[in-house]
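Asker: The structure that follows is given in the form of structure tokens.
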Amino acid sequence: AVPLEFAAQGQAGYFYRRNGTRGARYEINPRVTLPVTSRFGGIVANAGLRQSVYDTENPSHSISGSSSTAPPRESSENRTLFEYDVAGTTDFARVYALASPALPVTTESVGQSRNVAVRHSIQPRLEYFYRPQEDQDSNPYYDSDDRLLPRTEMVYSLTNVITTKRERVVMGKDEEGKDVPRLETDYVDLVRLRVGQGYDHREESRDEEVDRYPRRPFGDIFADLEIALTDTLSLETRNNWSPYLDEFTR
């Protein structure tokens with residue numbers, strides 16, 4: 001059987017302005033996903049259709065030099081955009097056992113814990129995004145979603161994850177329902193670091209105004225870092241570095 005997955009999102013909004021264009025936008029976005037996995041890694045392909053329908057009204061306005069007013073002008077526009085993306089990833093990992101004394105499973109040791117192993121995982125990932133160029137100038141402009149830019153981009157990244165296997169002594173119920181100490185095992189992602197960069201194929205093949213604006217197909221180098229400080233407190237930082245400006249942009 002083919003493991004196809006279907007999903008759809010829809011939204012409707014009315015945009016009101018006291019002066020100027022106002023109206024409604026209705027949008028539906030059905031998507032189909034094909035996940036393929038094996039012992040060597042996985043590939044996930046997504047394809048979607050973004051259908052937008054506008055019901056726009058330009059309110060009455062005075063005619064210059066006249067006391068009369070023009071009737072409202074109504075229009076109905078629509079936009080159909082096809083887009084897809086494909087992502088492939090794999091995982092290389094190694095587990096390191098830690099030499100630590102065993103925990104006594106007693107009432108006095110409830111709350112104590114120890115790390116018994118550490119797993120280091122390296123996850124390379126390659127993604128491709130595509131959205132065609134579509135003329136949307138005749139449609140209303142309420143927000144940035146009304147002017148979706150074309151996209152032909154490859155994003156490659158490498159993620160490092162350090163996970164610990166932890167044993168803890170907790171109180172639990174035995175077969176008779178009495179509270180007794182027992183050993184519980186859980187896993188904690190201590191560190192997660194993702195580093196990557198995008199490459200814009202449309203920018204690489206751009207011919208317009210290249211003398212004034214040189215091509216810059218490589219995106220910012222990004223680094224996302226998450227560190228678990230305690231069970232309830234973590235630190236997260238995101239940074240972007242421009243290879244053209246040679247400085248942080250975020």
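To be explicit about the labels: the chains of the structure tokens are called A, B, and onward in the order shown, and within each one the residues are counted from 1, while ligands get numbers from 1 in the order they are shown.
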Give the strand (DSSP E or B) residues of range 66-244 of chain A, as DSSP finds them on the backbone, and put them as a PyMOL selection string.
Answerer: chain A and resi 69-70+73-75+78-89+92-97+113-131+151-173+179-200+218+221-228+234-242
Asker: Take the residues from that selection and write them out as a compact mmCIF listing (two decimals), in the first residue's frame, keeping C-alpha atoms.
Answerer:
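The result, stored in out.txt:
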```txt
# COMPACT_ATOMS: atom_id res chain seq x y z
CA THR A 69 -20.28 60.23 -6.43
CA ALA A 70 -19.33 57.19 -8.47
CA ARG A 73 -17.03 49.02 -8.07
CA GLU A 74 -17.11 45.34 -7.20
CA SER A 75 -14.73 42.71 -8.51
CA ASN A 78 -8.95 34.42 -7.85
CA ARG A 79 -5.49 32.92 -7.63
CA THR A 80 -4.35 29.34 -8.10
CA LEU A 81 -0.84 28.35 -7.05
CA PHE A 82 0.75 24.92 -7.17
CA GLU A 83 3.70 24.26 -4.88
CA TYR A 84 5.68 21.27 -3.70
CA ASP A 85 8.66 20.38 -1.57
CA VAL A 86 10.81 17.28 -1.06
CA ALA A 87 12.99 16.52 1.96
CA GLY A 88 15.48 13.69 2.41
CA THR A 89 17.29 12.84 5.62
CA PHE A 92 24.16 8.35 11.96
CA ALA A 93 24.39 7.63 15.67
CA ARG A 94 26.60 6.08 18.31
CA VAL A 95 25.84 5.25 21.93
CA TYR A 96 28.43 5.64 24.68
CA ALA A 97 27.90 3.80 27.98
CA SER A 113 18.95 9.95 39.21
CA ARG A 114 21.96 8.98 37.13
CA ASN A 115 22.93 9.07 33.46
CA VAL A 116 23.70 5.60 32.15
CA ALA A 117 24.41 6.34 28.46
CA VAL A 118 24.87 9.16 25.94
CA ARG A 119 23.77 9.02 22.30
CA HIS A 120 25.30 11.30 19.66
CA SER A 121 23.26 11.59 16.48
CA ILE A 122 24.25 13.33 13.21
CA GLN A 123 21.37 14.03 10.82
CA PRO A 124 22.14 15.45 7.34
CA ARG A 125 19.08 16.85 5.58
CA LEU A 126 18.42 18.11 2.05
CA GLU A 127 15.23 20.00 1.13
CA TYR A 128 13.90 21.42 -2.13
CA PHE A 129 11.07 23.96 -2.39
CA TYR A 130 9.25 25.03 -5.54
CA ARG A 131 6.56 27.61 -6.21
CA ARG A 151 10.52 29.96 -4.93
CA THR A 152 13.07 27.53 -6.29
CA GLU A 153 15.37 26.86 -3.35
CA MET A 154 17.58 24.10 -2.03
CA VAL A 155 18.28 23.99 1.71
CA TYR A 156 20.98 21.75 3.15
CA SER A 157 21.58 21.35 6.85
CA LEU A 158 23.33 19.21 9.45
CA THR A 159 21.84 18.54 12.87
CA ASN A 160 23.74 17.24 15.89
CA VAL A 161 21.75 15.87 18.83
CA ILE A 162 23.18 14.70 22.16
CA THR A 163 20.70 12.61 24.14
CA THR A 164 21.18 11.07 27.58
CA LYS A 165 19.56 7.93 28.93
CA ARG A 166 18.63 8.60 32.53
CA GLU A 167 17.49 6.37 35.37
CA ARG A 168 15.47 7.79 38.25
CA VAL A 169 14.04 6.37 41.45
CA VAL A 170 10.37 7.28 41.73
CA MET A 171 7.39 6.14 43.75
CA GLY A 172 4.94 3.87 41.97
CA LYS A 173 2.14 1.39 42.57
CA ASP A 179 3.30 2.86 47.01
CA VAL A 180 6.74 1.37 46.42
CA PRO A 181 9.96 2.79 45.00
CA ARG A 182 10.83 1.73 41.46
CA LEU A 183 13.34 2.54 38.75
CA GLU A 184 12.16 4.64 35.79
CA THR A 185 14.07 5.31 32.56
CA ASP A 186 13.69 8.36 30.33
CA TYR A 187 15.63 10.17 27.60
CA VAL A 188 16.62 13.84 27.53
CA ASP A 189 17.90 15.82 24.54
CA LEU A 190 20.66 17.83 26.16
CA VAL A 191 21.93 19.66 23.07
CA ARG A 192 20.48 20.15 19.59
CA LEU A 193 22.46 22.15 17.03
CA ARG A 194 21.28 22.65 13.46
CA VAL A 195 23.51 24.44 10.93
CA GLY A 196 22.54 24.98 7.32
CA GLN A 197 22.19 27.24 4.32
CA GLY A 198 19.90 27.75 1.34
CA TYR A 199 20.65 28.14 -2.36
CA ASP A 200 18.26 30.09 -4.59
CA PHE A 218 23.52 31.66 -1.31
CA ILE A 221 24.19 30.51 7.10
CA PHE A 222 21.87 29.75 10.00
CA ALA A 223 22.61 28.09 13.32
CA ASP A 224 19.84 27.03 15.73
CA LEU A 225 21.02 25.88 19.16
CA GLU A 226 18.92 24.42 21.98
CA ILE A 227 20.41 23.46 25.36
CA ALA A 228 18.43 21.77 28.15
CA SER A 234 16.19 25.49 28.40
CA LEU A 235 18.20 27.96 26.35
CA GLU A 236 17.53 28.59 22.67
CA THR A 237 19.43 30.83 20.29
CA ARG A 238 19.12 31.45 16.54
CA ASN A 239 21.72 33.23 14.48
CA ASN A 240 22.08 34.08 10.79
CA TRP A 241 25.37 35.01 9.11
CA SER A 242 25.54 36.57 5.65
```
Asker: So which residues touch range 27-29 of chain A within 6 Å, counting only C-alpha atoms, skipping near sequence neighbours fewer than 6 positions away, as a ChimeraX atom specification?
Answerer: /A:8-11,49-52
Asker: Would you save the residues of that selection, restricted to N, CA, C and O atoms, as a compact mmCIF listing (two decimals), in the first residue's frame?
Answerer:
```txt
# COMPACT_ATOMS: atom_id res chain seq x y z
N ALA A 8 -5.81 19.35 4.61
CA ALA A 8 -6.30 20.57 3.98
C ALA A 8 -6.49 21.64 5.04
O ALA A 8 -6.87 21.34 6.18
N GLN A 9 -6.19 22.86 4.66
CA GLN A 9 -6.41 24.02 5.52
C GLN A 9 -7.27 25.03 4.78
O GLN A 9 -7.18 25.16 3.55
N GLY A 10 -8.10 25.72 5.52
CA GLY A 10 -8.94 26.74 4.91
C GLY A 10 -9.06 27.94 5.82
O GLY A 10 -8.95 27.82 7.05
N GLN A 11 -9.26 29.09 5.23
CA GLN A 11 -9.45 30.29 6.02
C GLN A 11 -10.29 31.30 5.24
O GLN A 11 -10.33 31.28 4.00
N LEU A 49 -2.02 22.66 -3.39
CA LEU A 49 -2.67 23.63 -4.26
C LEU A 49 -3.25 24.72 -3.39
O LEU A 49 -4.03 24.44 -2.47
N ARG A 50 -2.87 25.95 -3.66
CA ARG A 50 -3.38 27.09 -2.89
C ARG A 50 -4.38 27.86 -3.76
O ARG A 50 -4.00 28.49 -4.75
N GLN A 51 -5.64 27.75 -3.39
CA GLN A 51 -6.70 28.41 -4.15
C GLN A 51 -7.26 29.57 -3.34
O GLN A 51 -7.77 29.37 -2.23
N SER A 52 -7.16 30.77 -3.88
CA SER A 52 -7.64 31.98 -3.20
C SER A 52 -8.71 32.64 -4.05
O SER A 52 -8.55 32.78 -5.27
```
Asker: Could you please write out, as JSON, numbers by chain, every residue of range 10-249 of chain A that DSSP assigns to helix (DSSP H, G or I)?
Answerer: {"A": [107, 108, 109, 144, 145, 146, 201, 202, 203, 204]}
Asker: Please produce an output containing all heavy atoms for each residue in the selection, written as a compact mmCIF listing (two decimals), in the first residue's frame.
Answerer:
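Written out: result-v4.txt:
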```txt
# COMPACT_ATOMS: atom_id res chain seq x y z
N THR A 107 13.21 3.76 49.49
CA THR A 107 12.41 4.96 49.75
C THR A 107 13.30 6.18 49.97
O THR A 107 12.97 7.30 49.55
CB THR A 107 11.52 4.74 50.98
OG1 THR A 107 10.71 3.58 50.79
CG2 THR A 107 10.61 5.94 51.23
N GLU A 108 14.47 5.96 50.60
CA GLU A 108 15.37 7.07 50.86
C GLU A 108 15.99 7.63 49.58
O GLU A 108 16.42 8.80 49.54
CB GLU A 108 16.48 6.63 51.82
CG GLU A 108 16.02 6.35 53.25
CD GLU A 108 15.27 5.02 53.35
OE1 GLU A 108 15.38 4.19 52.42
OE2 GLU A 108 14.54 4.83 54.36
N SER A 109 16.06 6.85 48.50
CA SER A 109 16.71 7.31 47.27
C SER A 109 15.73 7.85 46.24
O SER A 109 16.12 8.14 45.10
CB SER A 109 17.51 6.16 46.64
OG SER A 109 16.66 5.08 46.29
N SER A 144 0.78 40.44 3.04
CA SER A 144 1.85 39.84 2.24
C SER A 144 1.43 38.51 1.59
O SER A 144 2.03 38.09 0.60
CB SER A 144 3.10 39.63 3.10
OG SER A 144 2.81 38.80 4.21
N ASP A 145 0.40 37.84 2.13
CA ASP A 145 -0.05 36.59 1.54
C ASP A 145 -0.69 36.78 0.17
O ASP A 145 -0.90 35.80 -0.55
CB ASP A 145 -1.04 35.89 2.48
CG ASP A 145 -0.35 35.25 3.67
OD1 ASP A 145 0.89 35.07 3.60
OD2 ASP A 145 -1.03 34.93 4.66
N ASP A 146 -1.00 38.02 -0.18
CA ASP A 146 -1.60 38.28 -1.49
C ASP A 146 -0.56 38.42 -2.59
O ASP A 146 -0.92 38.53 -3.77
CB ASP A 146 -2.43 39.56 -1.43
CG ASP A 146 -3.63 39.41 -0.51
OD1 ASP A 146 -4.33 38.40 -0.61
OD2 ASP A 146 -3.84 40.30 0.33
N HIS A 201 17.95 28.98 -6.75
CA HIS A 201 18.24 28.75 -8.16
C HIS A 201 17.72 29.89 -9.04
O HIS A 201 18.31 30.19 -10.08
CB HIS A 201 17.62 27.42 -8.61
CG HIS A 201 18.25 26.23 -7.97
ND1 HIS A 201 19.41 25.65 -8.43
CD2 HIS A 201 17.89 25.51 -6.87
CE1 HIS A 201 19.73 24.62 -7.67
NE2 HIS A 201 18.83 24.51 -6.72
N ARG A 202 16.64 30.53 -8.67
CA ARG A 202 16.14 31.66 -9.44
C ARG A 202 17.11 32.83 -9.39
O ARG A 202 17.35 33.51 -10.40
CB ARG A 202 14.77 32.09 -8.92
CG ARG A 202 13.63 31.12 -9.21
CD ARG A 202 12.31 31.68 -8.74
NE ARG A 202 12.04 32.97 -9.36
CZ ARG A 202 11.49 33.14 -10.55
NH1 ARG A 202 11.13 32.08 -11.26
NH2 ARG A 202 11.26 34.33 -11.03
N GLU A 203 17.66 33.08 -8.23
CA GLU A 203 18.64 34.16 -8.11
C GLU A 203 19.90 33.84 -8.89
O GLU A 203 20.53 34.73 -9.49
CB GLU A 203 18.95 34.39 -6.63
CG GLU A 203 20.06 35.39 -6.36
CD GLU A 203 19.70 36.81 -6.78
OE1 GLU A 203 18.52 37.09 -7.10
OE2 GLU A 203 20.62 37.66 -6.78
N GLU A 204 20.28 32.59 -8.92
CA GLU A 204 21.51 32.20 -9.64
C GLU A 204 21.37 32.43 -11.14
O GLU A 204 22.35 32.75 -11.82
CB GLU A 204 21.80 30.73 -9.35
CG GLU A 204 23.15 30.24 -9.85
CD GLU A 204 23.08 29.77 -11.29
OE1 GLU A 204 21.99 29.37 -11.71
OE2 GLU A 204 24.13 29.83 -11.98
```
Asker: Between A:Asp220, A:Asp231, A:Glu175, A:Glu134, which one has atoms that come closest to Leu245 in chain A, using only C-alpha atoms?
Answerer: A:Asp220
